[in-house]
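The structure file query_37.csv is reproduced below (CSV, C-alpha atoms).
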chain,number,residue,atom,x,y,z
A,1,MET,CA,-5.8,-27.9,-30.4
A,2,LYS,CA,-2.1,-28.3,-30.5
A,3,LEU,CA,-0.6,-31.6,-31.7
A,4,ARG,CA,2.7,-33.2,-30.8
A,5,PHE,CA,4.0,-35.6,-33.4
A,6,LEU,CA,4.9,-39.0,-31.9
A,7,GLY,CA,5.7,-41.0,-35.0
A,8,LYS,CA,4.7,-42.5,-38.3
A,9,ASN,CA,5.0,-45.8,-40.1
A,10,SER,CA,5.6,-44.8,-43.7
A,11,THR,CA,6.2,-46.5,-46.9
A,12,PRO,CA,6.0,-44.7,-50.2
A,13,GLY,CA,2.4,-43.4,-50.5
A,14,ASP,CA,1.3,-44.5,-47.0
A,15,SER,CA,1.6,-42.5,-43.8
A,16,PRO,CA,-0.3,-43.6,-40.7
A,17,THR,CA,0.7,-41.2,-38.0
A,18,LEU,CA,0.2,-40.8,-34.3
A,19,TYR,CA,-0.1,-37.6,-32.4
A,20,ALA,CA,-0.6,-36.6,-28.8
A,21,SER,CA,-2.9,-33.5,-28.3
A,22,ASP,CA,-3.0,-30.8,-25.6
A,23,GLN,CA,-6.6,-32.1,-24.8
A,24,ASN,CA,-5.4,-35.4,-23.2
A,25,THR,CA,-6.3,-37.3,-26.5
A,26,TYR,CA,-4.5,-39.1,-29.2
A,27,VAL,CA,-5.1,-38.3,-32.8
A,28,ILE,CA,-4.6,-41.3,-35.1
A,29,GLN,CA,-4.2,-40.8,-38.8
A,30,GLY,CA,-4.8,-43.8,-41.0
A,31,TRP,CA,-6.1,-45.2,-44.2
A,32,LYS,CA,-9.8,-44.5,-44.8
A,33,VAL,CA,-11.9,-47.7,-44.7
A,34,TYR,CA,-14.4,-47.5,-47.5
A,35,ALA,CA,-17.5,-49.7,-48.1
A,36,ASN,CA,-15.9,-53.2,-47.9
A,37,GLU,CA,-16.3,-56.3,-45.8
A,38,HIS,CA,-14.7,-54.7,-42.8
A,39,LEU,CA,-17.0,-51.7,-42.8
A,40,MET,CA,-20.0,-53.9,-43.3
A,41,LYS,CA,-19.3,-55.5,-39.9
A,42,LEU,CA,-19.5,-52.3,-38.0
A,43,ASP,CA,-22.2,-49.9,-36.8
A,44,VAL,CA,-20.7,-46.4,-37.5
A,45,PRO,CA,-22.8,-43.6,-36.1
A,46,GLU,CA,-22.8,-40.2,-37.6
A,47,GLY,CA,-19.7,-38.2,-36.7
A,48,GLN,CA,-17.5,-41.2,-36.5
A,49,THR,CA,-15.3,-42.7,-39.1
A,50,VAL,CA,-13.2,-45.9,-39.6
A,51,ILE,CA,-9.5,-46.1,-40.3
A,52,GLU,CA,-6.9,-48.8,-40.7
A,53,VAL,CA,-3.4,-48.6,-39.3
A,54,PRO,CA,-0.5,-51.1,-38.8
A,55,PRO,CA,-0.1,-52.2,-35.1
A,56,GLU,CA,3.5,-51.0,-35.2
A,57,LEU,CA,2.2,-47.4,-35.2
A,58,PHE,CA,1.4,-47.8,-31.5
A,59,GLU,CA,5.1,-48.4,-30.7
A,60,HIS,CA,5.4,-44.6,-30.9
A,61,LEU,CA,3.4,-44.4,-27.6
A,62,THR,CA,6.8,-44.8,-25.8
A,63,LYS,CA,7.6,-41.2,-26.9
A,64,ASP,CA,4.6,-40.1,-24.8
A,65,GLY,CA,5.8,-41.8,-21.6
A,66,GLN,CA,4.2,-45.2,-22.1
A,67,SER,CA,6.5,-48.1,-21.0
A,68,SER,CA,5.4,-50.1,-24.1
A,69,GLY,CA,3.7,-49.6,-27.4
A,70,GLN,CA,2.7,-53.2,-27.8
A,71,ILE,CA,-1.1,-53.8,-28.1
A,72,ARG,CA,-2.1,-56.5,-25.6
A,73,THR,CA,-5.9,-56.0,-25.5
A,74,PHE,CA,-8.0,-55.7,-28.6
A,75,ALA,CA,-10.9,-53.4,-27.5
A,76,ASP,CA,-12.4,-50.1,-28.4
A,77,PRO,CA,-11.3,-48.1,-30.4
A,78,ILE,CA,-9.9,-51.2,-32.2
A,79,LYS,CA,-12.8,-52.9,-33.8
A,80,LEU,CA,-11.1,-55.6,-36.0
A,81,VAL,CA,-7.8,-57.0,-36.9
A,82,THR,CA,-7.4,-57.9,-40.5
A,83,GLU,CA,-5.9,-61.0,-42.0
A,84,GLN,CA,-2.9,-58.9,-42.8
A,85,GLY,CA,-2.5,-57.9,-39.1
A,86,THR,CA,-3.6,-54.3,-39.5
A,87,CYS,CA,-6.0,-52.7,-37.0
A,88,ILE,CA,-9.4,-51.3,-37.9
A,89,LEU,CA,-10.2,-48.4,-35.5
A,90,GLN,CA,-13.4,-46.4,-35.1
A,91,GLY,CA,-13.8,-43.1,-33.4
A,92,PRO,CA,-14.9,-39.5,-33.7
A,93,GLN,CA,-13.6,-38.0,-37.0
A,94,MET,CA,-11.3,-35.0,-36.4
A,95,HIS,CA,-12.7,-31.7,-37.5
A,96,ASP,CA,-10.5,-29.3,-35.5
A,97,THR,CA,-9.1,-26.9,-38.1
A,98,GLU,CA,-6.1,-25.9,-36.0
A,99,ALA,CA,-5.1,-29.6,-35.5
A,100,LEU,CA,-5.7,-30.5,-39.2
A,101,SER,CA,-3.5,-27.6,-40.3
A,102,GLN,CA,-0.6,-29.2,-38.4
A,103,MET,CA,-1.0,-32.5,-40.4
A,104,ARG,CA,0.0,-33.7,-43.8
A,105,MET,CA,-2.8,-36.0,-44.9
A,106,PRO,CA,-3.4,-37.5,-48.3
A,107,ASP,CA,-6.9,-37.7,-49.7
A,108,TYR,CA,-7.1,-41.5,-48.9
A,109,GLU,CA,-6.5,-40.9,-45.2
A,110,THR,CA,-8.4,-39.4,-42.4
A,111,CYS,CA,-8.0,-39.2,-38.6
A,112,ILE,CA,-9.8,-39.9,-35.4
A,113,GLU,CA,-9.4,-38.4,-31.9
A,114,VAL,CA,-9.7,-40.7,-28.9
A,115,PRO,CA,-9.1,-40.3,-25.2
A,116,LYS,CA,-5.6,-41.2,-24.1
A,117,SER,CA,-7.1,-43.6,-21.6
A,118,SER,CA,-8.7,-45.6,-24.4
A,119,ILE,CA,-5.4,-46.2,-26.1
A,120,THR,CA,-3.3,-46.8,-23.0
A,121,ALA,CA,-5.9,-49.4,-21.9
A,122,LEU,CA,-4.9,-51.4,-25.0
A,123,LEU,CA,-1.4,-51.8,-23.7
A,124,GLU,CA,-2.6,-53.7,-20.6
A,125,GLU,CA,-3.3,-57.4,-20.4
A,126,ASP,CA,-7.0,-58.1,-20.2
A,127,SER,CA,-8.5,-61.5,-20.9
A,128,SER,CA,-12.1,-60.5,-20.2
A,129,GLY,CA,-12.6,-58.4,-23.4
A,130,PRO,CA,-13.8,-59.5,-26.8
A,131,ASP,CA,-11.3,-61.5,-28.9
A,132,HIS,CA,-10.6,-59.2,-31.8
A,133,SER,CA,-7.3,-60.9,-32.4
A,134,ARG,CA,-8.9,-63.3,-34.8
A,135,PRO,CA,-8.6,-62.2,-38.4
A,136,ALA,CA,-11.6,-60.2,-39.7
Re-express the file's structure as structure tokens.
Amino acid sequence: MKLRFLGKNSTPGDSPTLYASDQNTYVIQGWKVYANEHLMKLDVPEGQTVIEVPPELFEHLTKDGQSSGQIRTFADPIKLVTEQGTCILQGPQMHDTEALSQMRMPDYETCIEVPKSSITALLEEDSSGPDHSRPA
């Protein structure tokens, strides 16, 4: 799998990153969510993992042809929004060695791969979905 870097939101020691793949998916790199109150609220099947990213990361979607990178609907793969305003996402953990070799990922981060349609749906207004905008 080939990745195209879209952008990152970095501060010293932190590096959530967004990539577009050649498989019509997005690869989202974020902070691992360990056993804490957020993880306890989720049912995480085998093969999936949970990450945390700042919502500003999605602003880089404009570099993939999206008109906006502003999240308007809080639905899958976003599971929760924290009191600090970060997004908790759940999805299939990336295991593709070719893709992973293209990334720089510290030990406290991991990544998920989700269909582009799942992410682009978050950019559309939808009042019928669950209200994940409340703090977790």
Problem - Spatial neighbours of region 95-104 of chain A, max dist 7 Å, all atoms listed in the file, sep filter under 3 positions, as a VMD selection string - result: chain A and resid 1 to 3
Problem - Local residues around (-16.5, -52.4, -45.5), at most 12 Å away, using all atoms listed in the file, as a list of chain:residue names - result: A:Lys32, A:Val33, A:Tyr34, A:Ala35, A:Asn36, A:Glu37, A:His38, A:Leu39, A:Met40, A:Lys41, A:Leu42, A:Asp43, A:Val44, A:Thr49, A:Val50, A:Ile51, A:Glu52, A:Leu80, A:Thr82, A:Ile88, A:Ala136
Write a file of the just-selected residues containing C-alpha atoms, as a tab-separated table (two decimals), keeping the file's coordinate frame.
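Here's the written file part-v6.tsv:
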chain	number	residue	atom	x	y	z
A	32	LYS	CA	-9.80	-44.50	-44.80
A	33	VAL	CA	-11.90	-47.70	-44.70
A	34	TYR	CA	-14.40	-47.50	-47.50
A	35	ALA	CA	-17.50	-49.70	-48.10
A	36	ASN	CA	-15.90	-53.20	-47.90
A	37	GLU	CA	-16.30	-56.30	-45.80
A	38	HIS	CA	-14.70	-54.70	-42.80
A	39	LEU	CA	-17.00	-51.70	-42.80
A	40	MET	CA	-20.00	-53.90	-43.30
A	41	LYS	CA	-19.30	-55.50	-39.90
A	42	LEU	CA	-19.50	-52.30	-38.00
A	43	ASP	CA	-22.20	-49.90	-36.80
A	44	VAL	CA	-20.70	-46.40	-37.50
A	49	THR	CA	-15.30	-42.70	-39.10
A	50	VAL	CA	-13.20	-45.90	-39.60
A	51	ILE	CA	-9.50	-46.10	-40.30
A	52	GLU	CA	-6.90	-48.80	-40.70
A	80	LEU	CA	-11.10	-55.60	-36.00
A	82	THR	CA	-7.40	-57.90	-40.50
A	88	ILE	CA	-9.40	-51.30	-37.90
A	136	ALA	CA	-11.60	-60.20	-39.70
Gln93 (chain A): which residues within 7 Å, counting all atoms listed in the file, same-chain residues fewer than 5 positions away excluded, as a compact mmCIF listing (two decimals) with C-alpha atoms, in the frame of the given file?
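Saved the output as part_6.txt:
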# COMPACT_ATOMS: atom_id res chain seq x y z
CA GLY A 47 -19.70 -38.20 -36.70
CA GLN A 48 -17.50 -41.20 -36.50
CA THR A 49 -15.30 -42.70 -39.10
CA CYS A 111 -8.00 -39.20 -38.60
CA ILE A 112 -9.80 -39.90 -35.40
CA GLU A 113 -9.40 -38.40 -31.90
Exercise for the section: Work out how far CA of Asp22 (chain A) is from CA of Pro54 (chain A), in Å to one decimal. Expected result: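 Atom-to-atom, CA of Pro54 (chain A) and CA of Asp22 (chain A) are spaced 24.3 Å apart.
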Handout entry: From A:Pro115, A:Pro45, A:Asp76, A:Glu109, residue lying nearest Thr17 (chain A) [only C-alpha atoms]
Key = A:Glu109
Practice task
Point out the residue among A:Leu89, A:Pro106, A:Arg4, A:Leu123 with the least atom-to-atom distance to Thr25 (chain A), counting all atoms listed in the file.
Solution key: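 For Thr25 (chain A), the nearest of the candidates is A:Arg4.
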Practice task
Identify which of the residues A:Thr120, A:Gln29, A:Ser10, A:Gln23 lies closest to Arg72 (chain A), counting all atoms listed in the file when measuring atom-to-atom distances.
Solution key: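 Closest to Arg72 (chain A), using all atoms listed in the file: A:Thr120.
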Exercise for the section: Rank A:Ala20, A:Gly30, A:Asn9, A:Lys79 by their smallest atom-to-atom distance to Met105 (chain A), using all atoms listed in the file, and report the top residue only. Expected result: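 Using all atoms listed in the file, Met105 (chain A) sits closest to A:Gly30.
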Handout entry: Residue neighbourhood Val114 (chain A), 9 Å, only C-alpha atoms, exclusion window fewer than 5 positions, as a PyMOL selection string
Key = chain A and resi 24-28+77+91-92+119
Handout entry: Between CA of Val53 (chain A) and CA of Tyr19 (chain A) - distance in Å to one decimal
Key =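 CA of Val53 (chain A) lies at a distance of 13.4 Å from CA of Tyr19 (chain A).
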Practice task
Provide the CA of Phe58 (chain A) to CA of Val81 (chain A) distance in Å, to one decimal place.
Solution key: 14.1 Å
